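Okay, model-v9.txt is below, compact mmCIF, C-alpha atoms:
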```
# COMPACT_ATOMS: atom_id res chain seq x y z
CA MET X 2 9.33 -31.39 33.84
CA ASN X 3 12.17 -28.98 33.71
CA GLN X 4 10.29 -25.72 33.63
CA ALA X 5 13.07 -24.06 35.54
CA THR X 6 15.47 -24.31 32.63
CA SER X 7 13.35 -24.28 29.52
CA MET X 8 10.31 -22.78 27.90
CA ASN X 9 8.01 -23.07 24.98
CA LEU X 10 7.16 -20.01 22.95
CA LYS X 11 4.54 -19.77 20.27
CA ILE X 12 6.21 -17.86 17.47
CA ASN X 13 4.22 -16.99 14.37
CA GLY X 14 1.79 -19.76 15.18
CA ASN X 15 4.36 -22.50 15.83
CA ILE X 16 5.48 -23.78 19.24
CA LYS X 17 9.23 -23.57 19.67
CA TYR X 18 11.20 -25.11 22.52
CA PHE X 19 14.08 -23.20 24.12
CA ASP X 20 16.51 -24.65 26.69
CA ASP X 21 16.64 -21.31 28.42
CA ASN X 22 14.08 -19.67 30.66
CA SER X 23 15.64 -16.27 31.16
CA MET X 24 15.66 -15.03 27.63
CA THR X 25 14.74 -11.50 26.63
CA VAL X 26 13.25 -10.56 23.27
CA GLU X 27 16.71 -9.37 22.29
CA GLY X 28 18.08 -12.82 23.10
CA LEU X 29 15.36 -14.46 21.08
CA VAL X 30 16.03 -12.22 18.10
CA MET X 31 19.67 -13.27 18.31
CA ARG X 32 18.81 -16.96 18.59
CA LEU X 33 16.59 -16.68 15.52
CA ASN X 34 19.35 -14.94 13.52
CA LEU X 35 17.17 -11.89 13.06
CA THR X 36 19.50 -9.32 14.58
CA GLY X 37 19.70 -6.25 12.38
CA LYS X 38 16.77 -7.37 10.24
CA ARG X 39 13.86 -5.00 9.79
CA ILE X 40 11.20 -6.67 11.91
CA ALA X 41 8.46 -5.78 14.36
CA ILE X 42 7.49 -7.93 17.31
CA GLU X 43 4.25 -8.36 19.16
CA LYS X 44 4.25 -10.25 22.46
CA ASN X 45 0.89 -11.47 23.71
CA GLY X 46 -0.82 -8.88 21.56
CA MET X 47 1.38 -5.95 22.64
CA ILE X 48 4.03 -4.41 20.43
CA ILE X 49 7.51 -4.50 21.91
CA SER X 50 9.51 -1.61 20.53
CA LYS X 51 13.09 -2.17 19.49
CA SER X 52 14.36 -0.07 22.35
CA GLU X 53 12.64 -2.44 24.78
CA PHE X 54 13.96 -5.68 23.29
CA HIS X 55 16.75 -5.99 25.87
CA GLN X 56 14.48 -5.66 28.86
CA ALA X 57 11.42 -7.56 27.65
CA HIS X 58 11.63 -10.92 29.40
CA LEU X 59 10.01 -13.96 27.91
CA GLN X 60 8.00 -16.54 29.79
CA ASP X 61 6.89 -20.04 29.02
CA GLY X 62 3.72 -19.86 26.92
CA ASP X 63 4.30 -16.37 25.53
CA GLN X 64 2.87 -15.83 22.09
CA LEU X 65 4.93 -13.83 19.65
CA GLU X 66 4.33 -12.45 16.22
CA ILE X 67 7.42 -11.46 14.30
CA VAL X 68 6.66 -9.63 11.08
CA GLY X 69 8.46 -7.98 8.21
CA ALA X 70 7.67 -6.15 5.01
CA VAL X 71 7.05 -8.24 1.90
CA GLY X 72 5.90 -7.55 -1.62
CA GLY X 73 2.26 -6.57 -1.85
CA GLY X 74 -0.18 -4.33 -3.65
CA MET W 1 7.04 19.62 -20.85
CA THR W 2 5.36 18.81 -17.57
CA ASN W 3 4.73 21.82 -15.40
CA LYS W 4 7.24 21.49 -12.60
CA LYS W 5 4.80 23.04 -10.16
CA ASP W 6 2.28 20.29 -10.73
CA ILE W 7 3.19 18.21 -7.73
CA LEU W 8 1.19 15.71 -5.75
CA THR W 9 0.88 16.50 -2.07
CA ILE W 10 -0.21 13.79 0.33
CA ALA W 11 -0.25 14.41 4.06
CA GLY W 12 2.10 17.37 3.65
CA ARG W 13 4.71 15.55 1.59
CA THR W 14 5.24 16.27 -2.08
CA TYR W 15 5.78 13.84 -4.92
CA GLN W 16 6.67 14.28 -8.58
CA SER W 17 5.13 11.00 -9.66
CA ARG W 18 1.41 10.36 -9.61
CA LEU W 19 1.86 6.67 -10.15
CA LEU W 20 1.97 4.53 -7.04
CA VAL W 21 2.86 0.89 -7.44
CA GLY W 22 2.61 -2.32 -5.50
CA THR W 23 5.48 -4.73 -5.03
CA GLY W 24 3.61 -8.03 -5.21
CA LYS W 25 3.27 -10.76 -7.85
CA TYR W 26 6.63 -10.19 -9.57
CA LYS W 27 8.83 -13.05 -10.76
CA ASP W 28 11.60 -12.02 -8.39
CA PHE W 29 12.98 -9.03 -6.53
CA GLU W 30 15.14 -7.99 -9.46
CA GLN W 31 12.10 -7.73 -11.70
CA THR W 32 10.31 -5.83 -8.93
CA ARG W 33 13.15 -3.34 -8.79
CA LEU W 34 13.37 -2.87 -12.55
CA ALA W 35 9.62 -2.39 -12.88
CA ILE W 36 9.51 0.16 -10.08
CA ASP W 37 12.41 2.05 -11.63
CA ALA W 38 10.67 2.07 -15.01
CA SER W 39 7.43 3.27 -13.43
CA GLY W 40 9.11 6.25 -11.82
CA ALA W 41 6.97 5.67 -8.73
CA GLU W 42 8.06 7.24 -5.47
CA ILE W 43 5.44 5.63 -3.25
CA ILE W 44 5.40 1.85 -3.18
CA THR W 45 3.11 -0.41 -1.22
CA VAL W 46 4.32 -3.29 0.89
CA ALA W 47 2.49 -5.95 2.87
CA ILE W 48 3.20 -6.92 6.46
CA ARG W 49 3.61 -10.65 6.99
CA ARG W 50 5.11 -13.13 9.41
CA THR W 51 8.87 -13.38 9.02
CA ASN W 52 10.28 -16.76 8.08
CA ILE W 53 11.81 -18.14 11.24
CA GLY W 54 14.98 -20.16 10.97
CA GLN W 55 14.79 -20.48 7.20
CA ASN W 56 17.40 -19.32 4.72
CA GLU W 57 19.23 -16.88 6.88
CA GLY W 58 20.90 -15.06 4.01
CA GLU W 59 17.77 -14.97 1.86
CA PRO W 60 17.43 -11.57 0.17
CA SER W 61 14.51 -9.42 1.13
CA LEU W 62 12.44 -6.87 -0.74
CA LEU W 63 14.13 -4.14 1.27
CA ASP W 64 17.49 -4.98 -0.25
CA PHE W 65 16.14 -4.27 -3.74
CA VAL W 66 13.85 -1.34 -3.03
CA PRO W 67 15.47 0.36 -0.05
CA PRO W 68 13.13 2.33 2.24
CA ASP W 69 15.42 5.36 2.13
CA ARG W 70 14.89 5.71 -1.62
CA PHE W 71 11.13 5.23 -1.68
CA THR W 72 8.18 6.16 0.45
CA TYR W 73 6.93 2.86 1.77
CA LEU W 74 3.20 2.54 2.01
CA PRO W 75 2.45 -0.43 4.25
CA ASN W 76 -0.95 -1.88 3.48
CA THR W 77 -3.47 -4.04 5.29
CA ALA W 78 -4.11 -6.38 2.38
CA GLY W 79 -5.77 -9.56 3.57
CA CYS W 80 -7.39 -7.96 6.61
CA TYR W 81 -11.12 -8.59 7.00
CA SER W 82 -11.80 -6.61 10.17
CA ALA W 83 -11.00 -3.18 11.54
CA ASP W 84 -9.12 -4.79 14.44
CA ASP W 85 -6.85 -6.82 12.14
CA ALA W 86 -6.12 -3.78 9.99
CA ILE W 87 -5.31 -1.59 12.99
CA ARG W 88 -3.07 -4.27 14.47
CA THR W 89 -1.23 -4.68 11.18
CA LEU W 90 -0.58 -0.97 10.78
CA ARG W 91 0.61 -0.55 14.35
CA LEU W 92 3.16 -3.26 13.61
CA ALA W 93 4.02 -1.54 10.33
CA ARG W 94 4.67 1.72 12.15
CA GLU W 95 7.01 -0.07 14.52
CA LEU W 96 8.66 -1.90 11.64
CA LEU W 97 9.28 1.31 9.71
CA ASP W 98 10.54 3.36 12.65
CA GLY W 99 7.47 5.45 13.33
CA HIS W 100 6.44 5.90 9.70
CA LYS W 101 2.88 7.28 9.62
CA LEU W 102 1.73 7.07 6.01
CA VAL W 103 -0.29 3.90 5.51
CA LYS W 104 -2.77 2.32 3.16
CA LEU W 105 -5.88 1.06 4.87
CA GLU W 106 -7.89 -1.60 3.16
CA VAL W 107 -10.41 -3.83 4.86
CA LEU W 108 -11.83 -6.51 2.65
CA GLY W 109 -15.32 -7.91 2.82
CA ASP W 110 -15.22 -10.99 0.66
CA PRO W 111 -12.36 -13.30 -0.33
CA LYS W 112 -13.77 -14.01 -3.77
CA THR W 113 -14.19 -10.45 -4.99
CA LEU W 114 -11.88 -8.69 -2.50
CA TYR W 115 -14.57 -6.03 -2.38
CA PRO W 116 -13.93 -3.56 0.44
CA ASN W 117 -15.93 -3.76 3.65
CA VAL W 118 -16.66 -0.08 4.07
CA ILE W 119 -18.22 -0.48 7.52
CA GLU W 120 -15.04 -1.95 8.95
CA THR W 121 -12.98 0.49 6.89
CA LEU W 122 -14.76 3.46 8.49
CA LYS W 123 -14.18 2.02 11.98
CA ALA W 124 -10.50 1.37 11.33
CA ALA W 125 -9.99 4.79 9.74
CA GLU W 126 -11.40 6.51 12.77
CA THR W 127 -9.05 4.75 15.18
CA LEU W 128 -6.00 5.11 12.96
CA VAL W 129 -6.50 8.82 12.38
CA LYS W 130 -6.89 9.31 16.15
CA GLU W 131 -3.63 7.44 16.64
CA GLY W 132 -1.83 9.84 14.34
CA PHE W 133 -1.60 7.75 11.19
CA ASP W 134 -1.81 9.41 7.78
CA VAL W 135 -4.40 7.14 6.24
CA MET W 136 -4.72 6.61 2.51
CA VAL W 137 -7.86 4.59 2.31
CA TYR W 138 -9.01 2.03 -0.22
CA THR W 139 -12.76 2.05 -0.61
CA SER W 140 -15.65 1.43 -2.95
CA ASP W 141 -16.65 4.09 -5.48
CA ASP W 142 -19.53 5.20 -3.25
CA PRO W 143 -19.38 9.01 -3.00
CA ILE W 144 -21.09 9.07 0.40
CA ILE W 145 -18.60 6.67 1.96
CA ALA W 146 -15.75 8.60 0.35
CA LYS W 147 -17.04 11.78 1.98
CA GLU W 148 -17.34 10.05 5.35
CA LEU W 149 -13.75 8.87 5.09
CA GLU W 150 -12.60 12.36 4.25
CA ASN W 151 -14.54 13.77 7.19
CA ILE W 152 -12.86 11.26 9.50
CA GLY W 153 -9.55 12.73 8.41
CA CYS W 154 -8.10 10.34 5.84
CA CYS W 155 -5.35 12.02 3.83
CA ALA W 156 -6.27 10.39 0.51
CA ILE W 157 -9.36 8.62 -0.76
CA MET W 158 -8.69 5.67 -3.02
CA PRO W 159 -11.78 4.26 -4.67
CA LEU W 160 -11.58 1.14 -6.80
CA ALA W 161 -11.90 1.40 -10.57
CA SER W 162 -12.94 -2.24 -10.59
CA LEU W 163 -12.12 -5.26 -8.43
CA ILE W 164 -8.58 -5.80 -7.15
CA GLY W 165 -6.51 -7.71 -9.66
CA SER W 166 -9.32 -7.82 -12.23
CA GLY W 167 -7.83 -5.50 -14.83
CA MET W 168 -11.36 -4.55 -15.82
CA GLY W 169 -10.58 -0.86 -15.98
CA ILE W 170 -12.81 1.99 -14.89
CA LEU W 171 -16.33 0.66 -14.62
CA ASN W 172 -18.00 3.72 -13.20
CA PRO W 173 -16.30 6.92 -14.29
CA TRP W 174 -19.35 8.93 -13.23
CA ASN W 175 -19.05 7.89 -9.60
CA LEU W 176 -15.34 8.63 -9.67
CA GLN W 177 -16.11 12.06 -11.05
CA ILE W 178 -18.60 12.75 -8.26
CA ILE W 179 -16.05 11.65 -5.66
CA ILE W 180 -13.34 13.81 -7.21
CA GLU W 181 -15.64 16.83 -7.34
CA HIS W 182 -16.67 16.53 -3.71
CA THR W 183 -13.35 15.66 -2.13
CA LYS W 184 -10.67 18.11 -1.04
CA VAL W 185 -7.93 15.58 -0.27
CA PRO W 186 -6.33 13.71 -3.19
CA VAL W 187 -8.45 11.02 -4.84
CA LEU W 188 -6.46 8.16 -6.32
CA VAL W 189 -7.80 5.22 -8.23
CA ASP W 190 -6.69 2.07 -6.49
CA ALA W 191 -7.35 -1.31 -8.06
CA GLY W 192 -8.81 -2.44 -11.33
CA VAL W 193 -6.53 -0.74 -13.84
CA GLY W 194 -5.65 -3.20 -16.60
CA THR W 195 -3.69 -1.27 -19.15
CA ALA W 196 -2.27 2.15 -19.92
CA SER W 197 -5.49 3.67 -21.30
CA ASP W 198 -7.29 2.87 -18.04
CA ALA W 199 -4.70 4.87 -16.12
CA THR W 200 -4.99 7.74 -18.59
CA ILE W 201 -8.76 7.82 -18.25
CA ALA W 202 -8.46 7.92 -14.46
CA MET W 203 -6.13 10.89 -14.71
CA GLU W 204 -8.29 12.63 -17.32
CA LEU W 205 -11.18 12.39 -14.90
CA GLY W 206 -9.10 14.42 -12.47
CA CYS W 207 -7.69 11.76 -10.20
CA ALA W 208 -4.63 12.89 -8.29
CA GLY W 209 -2.93 9.61 -9.00
CA VAL W 210 -3.32 5.90 -9.58
CA LEU W 211 -2.15 2.98 -7.49
CA MET W 212 -1.64 -0.29 -9.31
CA ASN W 213 0.14 -3.60 -8.98
CA THR W 214 -1.27 -6.43 -11.05
CA ALA W 215 -1.56 -4.43 -14.29
CA ILE W 216 2.22 -4.12 -14.27
CA ALA W 217 3.27 -7.34 -12.57
CA ASN W 218 1.02 -9.57 -14.66
CA ALA W 219 1.84 -7.97 -18.00
CA HIS W 220 3.88 -10.20 -20.29
CA ASN W 221 6.65 -7.66 -20.02
CA PRO W 222 6.21 -5.95 -16.65
CA ILE W 223 9.08 -3.53 -17.10
CA LEU W 224 7.77 -2.27 -20.42
CA MET W 225 4.27 -1.98 -18.96
CA ALA W 226 5.66 0.01 -16.04
CA ALA W 227 7.20 2.45 -18.51
CA ALA W 228 3.89 2.62 -20.41
CA MET W 229 2.01 3.36 -17.19
CA LYS W 230 4.37 6.18 -16.35
CA LYS W 231 3.59 7.82 -19.70
CA ALA W 232 -0.11 7.05 -19.40
CA ILE W 233 -0.32 8.80 -16.06
CA GLU W 234 1.59 11.81 -17.36
CA ALA W 235 -0.49 11.99 -20.53
CA GLY W 236 -3.74 11.75 -18.62
CA ARG W 237 -2.66 14.38 -16.14
CA GLU W 238 -1.58 16.81 -18.85
CA ALA W 239 -4.81 16.25 -20.76
CA TYR W 240 -6.77 16.95 -17.58
CA LEU W 241 -4.81 20.13 -16.91
CA ALA W 242 -5.09 21.18 -20.54
CA GLY W 243 -8.87 20.79 -20.46
CA ARG W 244 -10.38 18.74 -23.19
CA MET W 245 -12.52 20.11 -26.02
CA VAL W 246 -16.25 19.79 -25.78
CA LYS W 247 -17.62 16.62 -27.36
CA LYS W 248 -19.78 17.29 -30.40
CA LEU W 249 -21.62 14.79 -32.52
CA TYR W 250 -20.83 16.85 -35.63
CA SER W 251 -18.12 19.40 -36.10
CA ALA W 252 -19.17 22.69 -37.67
CA SER W 253 -15.62 24.02 -37.41
CA PRO W 254 -13.12 22.34 -39.71
CA SER W 255 -9.52 22.34 -38.52
CA SER W 256 -8.28 23.75 -41.83
CA PRO W 257 -9.10 27.20 -43.24
CA THR W 258 -12.21 27.40 -45.36
CA GLN W 259 -10.74 30.35 -47.31
CA GLY W 260 -8.28 30.11 -50.15
CA MET W 261 -9.51 26.83 -51.56
CA ILE W 262 -8.35 26.14 -55.09
CA SER W 263 -11.24 25.97 -57.44
```
Hey, can you dump this file as structure tokens for me?
Amino acid sequence: MNQATSMNLKINGNIKYFDDNSMTVEGLVMRLNLTGKRIAIEKNGMIISKSEFHQAHLQDGDQLEIVGAVGGG
Amino acid sequence: MTNKKDILTIAGRTYQSRLLVGTGKYKDFEQTRLAIDASGAEIITVAIRRTNIGQNEGEPSLLDFVPPDRFTYLPNTAGCYSADDAIRTLRLARELLDGHKLVKLEVLGDPKTLYPNVIETLKAAETLVKEGFDVMVYTSDDPIIAKELENIGCCAIMPLASLIGSGMGILNPWNLQIIIEHTKVPVLVDAGVGTASDATIAMELGCAGVLMNTAIANAHNPILMAAAMKKAIEAGREAYLAGRMVKKLYSASPSSPTQGMIS
């Protein structure tokens, strides 16, 4: 177990492994190539506003929903 | 010809167009854009869905084709079957669209018919209005529920004409008329319009506008249908404002003079 240096996050229903345990939401957005995209993020059921991305720390087991606008009626 | 003062006001904002369109079911984003342009719509609905993670980084998005600074986005809660899901979706939408308050609430009750669950809709509307959202609400054509939704503080009542995506047209014009008569906020037909005449009839009844998606997107030529819908809405509105003649089984007043006939 190397919990000290890695974590698993559940993102949009899928578990993703990260070799980093000190990531913020901003860091995650960068890692997922979503910087600058129009998205909204919910962490463990709570919305994280864009202005809080840089200080919202992620922990092993966090559940995230990352959403965007798509075509719909 | 249209009276320039005849504007649609929803939640304090004014619009020239009384046609609201969805952005789903099109062949591609380019067709979406062309159809919206042809429709003249200013308010367009969008859905909120999980973003694709790690797939096709440069993939174009809807927002590139219909930029939010050119249109009023109306995020919807399509696919939500509970008040909680709908509220959660619209809170995310507000965050996504930088504090944007105008939303379309729809809570469905049945996946086969997509008929609205008005009990959950009422619950969600109450919370959303309290949280400061401007709620345009999709509902059944039940006048009592429509009144309740208005009393809660929804900024527009949007009864169905017939089931979502059915294209069956206006099945109960009498109910719509009752709703229109008893509602102070704008009443828009949402769902069920199949072709241009349906939209015209909705407007002739006195609807403030019509929201549609499938009727345009599923037409053989969506862009042409979008243009037809624009005219249909305008024609219906003008006919409503003009005030139609009284229906008579027989006409005792010919349109041409009865004097001066050659004999």
Up to 9 Å from chain W, what residues of chain X turn up? Count all atoms listed in the file and give them as number ranges by chain.
-> X: 12-13, 33-35, 39-43, 46, 48-51, 66-74
Can I get the selected residues back with C-alpha atoms, as an mmCIF file, in the coordinates of the input?
```cif
data_model
loop_
_atom_site.group_PDB
_atom_site.id
_atom_site.type_symbol
_atom_site.label_atom_id
_atom_site.label_comp_id
_atom_site.auth_asym_id
_atom_site.auth_seq_id
_atom_site.Cartn_x
_atom_site.Cartn_y
_atom_site.Cartn_z
ATOM 1 C CA ILE X 12 6.210 -17.860 17.470
ATOM 2 C CA ASN X 13 4.220 -16.990 14.370
ATOM 3 C CA LEU X 33 16.590 -16.680 15.520
ATOM 4 C CA ASN X 34 19.350 -14.940 13.520
ATOM 5 C CA LEU X 35 17.170 -11.890 13.060
ATOM 6 C CA ARG X 39 13.860 -5.000 9.790
ATOM 7 C CA ILE X 40 11.200 -6.670 11.910
ATOM 8 C CA ALA X 41 8.460 -5.780 14.360
ATOM 9 C CA ILE X 42 7.490 -7.930 17.310
ATOM 10 C CA GLU X 43 4.250 -8.360 19.160
ATOM 11 C CA GLY X 46 -0.820 -8.880 21.560
ATOM 12 C CA ILE X 48 4.030 -4.410 20.430
ATOM 13 C CA ILE X 49 7.510 -4.500 21.910
ATOM 14 C CA SER X 50 9.510 -1.610 20.530
ATOM 15 C CA LYS X 51 13.090 -2.170 19.490
ATOM 16 C CA GLU X 66 4.330 -12.450 16.220
ATOM 17 C CA ILE X 67 7.420 -11.460 14.300
ATOM 18 C CA VAL X 68 6.660 -9.630 11.080
ATOM 19 C CA GLY X 69 8.460 -7.980 8.210
ATOM 20 C CA ALA X 70 7.670 -6.150 5.010
ATOM 21 C CA VAL X 71 7.050 -8.240 1.900
ATOM 22 C CA GLY X 72 5.900 -7.550 -1.620
ATOM 23 C CA GLY X 73 2.260 -6.570 -1.850
ATOM 24 C CA GLY X 74 -0.180 -4.330 -3.650
#
```
Atom-to-atom span, atom CA of Leu34 of chain W and atom CA of Gly167 of chain W, Å | 21.5 Å
Hey, can you check how far atom CA of Ser52 of chain X sits from atom CA of Gly12 of chain W?
->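 Here the two named atoms are 28.4 Å from each other.
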As a check of understanding: the span from atom CA of Asp142 of chain W to atom CA of Met168 of chain W is 17.9 Å
Neighbour list for segment 177-183 of chain W as a PDB file with C-alpha atoms, in the coordinates of the input, cut-off 9 Å, all atoms listed in the file, skip fewer than 4 positions in-chain:
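Once everything was written out, this is part_35.pdb:
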```
ATOM      1  CA  ASP W 141     -16.650   4.090  -5.480  1.00  0.00           C
ATOM      2  CA  ASP W 142     -19.530   5.200  -3.250  1.00  0.00           C
ATOM      3  CA  PRO W 143     -19.380   9.010  -3.000  1.00  0.00           C
ATOM      4  CA  ILE W 144     -21.090   9.070   0.400  1.00  0.00           C
ATOM      5  CA  ALA W 146     -15.750   8.600   0.350  1.00  0.00           C
ATOM      6  CA  LYS W 147     -17.040  11.780   1.980  1.00  0.00           C
ATOM      7  CA  GLU W 150     -12.600  12.360   4.250  1.00  0.00           C
ATOM      8  CA  ILE W 157      -9.360   8.620  -0.760  1.00  0.00           C
ATOM      9  CA  PRO W 159     -11.780   4.260  -4.670  1.00  0.00           C
ATOM     10  CA  ASN W 172     -18.000   3.720 -13.200  1.00  0.00           C
ATOM     11  CA  PRO W 173     -16.300   6.920 -14.290  1.00  0.00           C
ATOM     12  CA  VAL W 187      -8.450  11.020  -4.840  1.00  0.00           C
ATOM     13  CA  LEU W 188      -6.460   8.160  -6.320  1.00  0.00           C
ATOM     14  CA  LEU W 205     -11.180  12.390 -14.900  1.00  0.00           C
ATOM     15  CA  GLY W 206      -9.100  14.420 -12.470  1.00  0.00           C
ATOM     16  CA  CYS W 207      -7.690  11.760 -10.200  1.00  0.00           C
ATOM     17  CA  ALA W 208      -4.630  12.890  -8.290  1.00  0.00           C
TER      18      ALA W 208
END
```
Axis-aligned box over every listed atom of segment 47-54 of chain W, padded by 6 Å per side: centre and edges in Å to one decimal, as AutoDock Vina command-line options?
```
--center_x 8.7 --center_y -13.1 --center_z 7.1 --size_x 24.5 --size_y 26.2 --size_z 20.4
```
Neighbour list for Tyr15 of chain W as an NGL selection string, cut-off 12 Å, all atoms listed in the file, skip fewer than 5 positions in-chain = :W and (4-10 or 20 or 40-43 or 71-72 or 208-209)
Write out as a PDB file with C-alpha atoms, in the frame of the given file each polymer residue whose atoms come within 6 Å of Asn22 of chain X, counting all atoms listed in the file; drop sequence neighbours fewer than 3 positions from it.
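Ended up saving to result.pdb:
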```
ATOM      1  CA  THR X   6      15.470 -24.310  32.630  1.00  0.00           C
ATOM      2  CA  SER X   7      13.350 -24.280  29.520  1.00  0.00           C
ATOM      3  CA  MET X   8      10.310 -22.780  27.900  1.00  0.00           C
TER       4      MET X   8
END
```
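For Val26 of chain X, the residues within 8 Å (counting all atoms listed in the file, excluding itself and residues fewer than 3 positions away along the chain) are Leu29, Val30, Phe54, His55, Gln56, Ala57, His58 and Leu59 of chain X.
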With a distance cut-off of 7 Å and all atoms listed in the file, select the neighbouring residues of Asn45 of chain X, excluding the residue or stretch itself and same-chain residues fewer than 3 positions from it, and output the selection as an mmCIF file with C-alpha atoms, keeping the file's coordinate frame.
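Written out: selection-v6.cif:
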```cif
data_model
loop_
_atom_site.group_PDB
_atom_site.id
_atom_site.type_symbol
_atom_site.label_atom_id
_atom_site.label_comp_id
_atom_site.auth_asym_id
_atom_site.auth_seq_id
_atom_site.Cartn_x
_atom_site.Cartn_y
_atom_site.Cartn_z
ATOM 1 C CA ASP X 63 4.300 -16.370 25.530
ATOM 2 C CA GLN X 64 2.870 -15.830 22.090
ATOM 3 C CA LEU X 65 4.930 -13.830 19.650
#
```
Counting all atoms listed in the file, the residue of W:Ala38, W:Ser140, W:Val66, W:Val246 that sits nearest Asn175 of chain W =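 Going through W:Ala38, W:Ser140, W:Val66, W:Val246 one by one, the smallest distance to Asn175 of chain W is for W:Ser140.
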If I only have part of segment 59-74 of chain X, can you fill in N, CA, C and O atoms and write it as a PDB file, keeping the file's coordinate frame?
```
ATOM      1  N   LEU X  59      10.961 -13.000  28.466  1.00  0.00           N
ATOM      2  CA  LEU X  59      10.010 -13.960  27.910  1.00  0.00           C
ATOM      3  C   LEU X  59       9.692 -15.028  28.936  1.00  0.00           C
ATOM      4  O   LEU X  59      10.545 -15.409  29.741  1.00  0.00           O
ATOM      5  N   GLN X  60       8.453 -15.490  28.880  1.00  0.00           N
ATOM      6  CA  GLN X  60       8.000 -16.540  29.790  1.00  0.00           C
ATOM      7  C   GLN X  60       7.435 -17.690  28.998  1.00  0.00           C
ATOM      8  O   GLN X  60       6.928 -17.495  27.883  1.00  0.00           O
ATOM      9  N   ASP X  61       7.485 -18.860  29.623  1.00  0.00           N
ATOM     10  CA  ASP X  61       6.890 -20.040  29.020  1.00  0.00           C
ATOM     11  C   ASP X  61       5.444 -19.719  28.601  1.00  0.00           C
ATOM     12  O   ASP X  61       4.688 -19.141  29.373  1.00  0.00           O
ATOM     13  N   GLY X  62       5.099 -20.063  27.382  1.00  0.00           N
ATOM     14  CA  GLY X  62       3.720 -19.860  26.920  1.00  0.00           C
ATOM     15  C   GLY X  62       3.489 -18.531  26.228  1.00  0.00           C
ATOM     16  O   GLY X  62       2.398 -18.300  25.692  1.00  0.00           O
ATOM     17  N   ASP X  63       4.476 -17.653  26.222  1.00  0.00           N
ATOM     18  CA  ASP X  63       4.300 -16.370  25.530  1.00  0.00           C
ATOM     19  C   ASP X  63       4.017 -16.601  24.047  1.00  0.00           C
ATOM     20  O   ASP X  63       4.562 -17.519  23.427  1.00  0.00           O
ATOM     21  N   GLN X  64       3.176 -15.741  23.510  1.00  0.00           N
ATOM     22  CA  GLN X  64       2.870 -15.830  22.090  1.00  0.00           C
ATOM     23  C   GLN X  64       3.474 -14.617  21.383  1.00  0.00           C
ATOM     24  O   GLN X  64       3.233 -13.487  21.781  1.00  0.00           O
ATOM     25  N   LEU X  65       4.250 -14.904  20.358  1.00  0.00           N
ATOM     26  CA  LEU X  65       4.930 -13.830  19.650  1.00  0.00           C
ATOM     27  C   LEU X  65       4.573 -13.812  18.185  1.00  0.00           C
ATOM     28  O   LEU X  65       4.414 -14.860  17.558  1.00  0.00           O
ATOM     29  N   GLU X  66       4.443 -12.618  17.666  1.00  0.00           N
ATOM     30  CA  GLU X  66       4.330 -12.450  16.220  1.00  0.00           C
ATOM     31  C   GLU X  66       5.543 -11.645  15.785  1.00  0.00           C
ATOM     32  O   GLU X  66       5.823 -10.582  16.345  1.00  0.00           O
ATOM     33  N   ILE X  67       6.263 -12.180  14.828  1.00  0.00           N
ATOM     34  CA  ILE X  67       7.420 -11.460  14.300  1.00  0.00           C
ATOM     35  C   ILE X  67       7.157 -11.221  12.816  1.00  0.00           C
ATOM     36  O   ILE X  67       6.990 -12.170  12.048  1.00  0.00           O
ATOM     37  N   VAL X  68       7.062  -9.944  12.454  1.00  0.00           N
ATOM     38  CA  VAL X  68       6.660  -9.630  11.080  1.00  0.00           C
ATOM     39  C   VAL X  68       7.695  -8.779  10.364  1.00  0.00           C
ATOM     40  O   VAL X  68       8.532  -8.120  10.982  1.00  0.00           O
ATOM     41  N   GLY X  69       7.612  -8.809   9.052  1.00  0.00           N
ATOM     42  CA  GLY X  69       8.460  -7.980   8.210  1.00  0.00           C
ATOM     43  C   GLY X  69       7.671  -7.475   7.023  1.00  0.00           C
ATOM     44  O   GLY X  69       6.492  -7.815   6.866  1.00  0.00           O
ATOM     45  N   ALA X  70       8.327  -6.671   6.203  1.00  0.00           N
ATOM     46  CA  ALA X  70       7.670  -6.150   5.010  1.00  0.00           C
ATOM     47  C   ALA X  70       7.944  -7.079   3.828  1.00  0.00           C
ATOM     48  O   ALA X  70       9.074  -7.503   3.623  1.00  0.00           O
ATOM     49  N   VAL X  71       6.898  -7.399   3.086  1.00  0.00           N
ATOM     50  CA  VAL X  71       7.050  -8.240   1.900  1.00  0.00           C
ATOM     51  C   VAL X  71       6.332  -7.567   0.724  1.00  0.00           C
ATOM     52  O   VAL X  71       5.601  -6.596   0.909  1.00  0.00           O
ATOM     53  N   GLY X  72       6.549  -8.108  -0.450  1.00  0.00           N
ATOM     54  CA  GLY X  72       5.900  -7.550  -1.620  1.00  0.00           C
ATOM     55  C   GLY X  72       4.384  -7.638  -1.514  1.00  0.00           C
ATOM     56  O   GLY X  72       3.847  -8.647  -1.067  1.00  0.00           O
ATOM     57  N   GLY X  73       3.722  -6.579  -1.898  1.00  0.00           N
ATOM     58  CA  GLY X  73       2.260  -6.570  -1.850  1.00  0.00           C
ATOM     59  C   GLY X  73       1.704  -5.353  -2.553  1.00  0.00           C
ATOM     60  O   GLY X  73       2.426  -4.402  -2.813  1.00  0.00           O
ATOM     61  N   GLY X  74       0.424  -5.413  -2.867  1.00  0.00           N
ATOM     62  CA  GLY X  74      -0.180  -4.330  -3.650  1.00  0.00           C
ATOM     63  C   GLY X  74      -1.156  -3.506  -2.861  1.00  0.00           C
ATOM     64  O   GLY X  74      -1.362  -3.665  -1.712  1.00  0.00           O
TER      65      GLY X  74
END
```
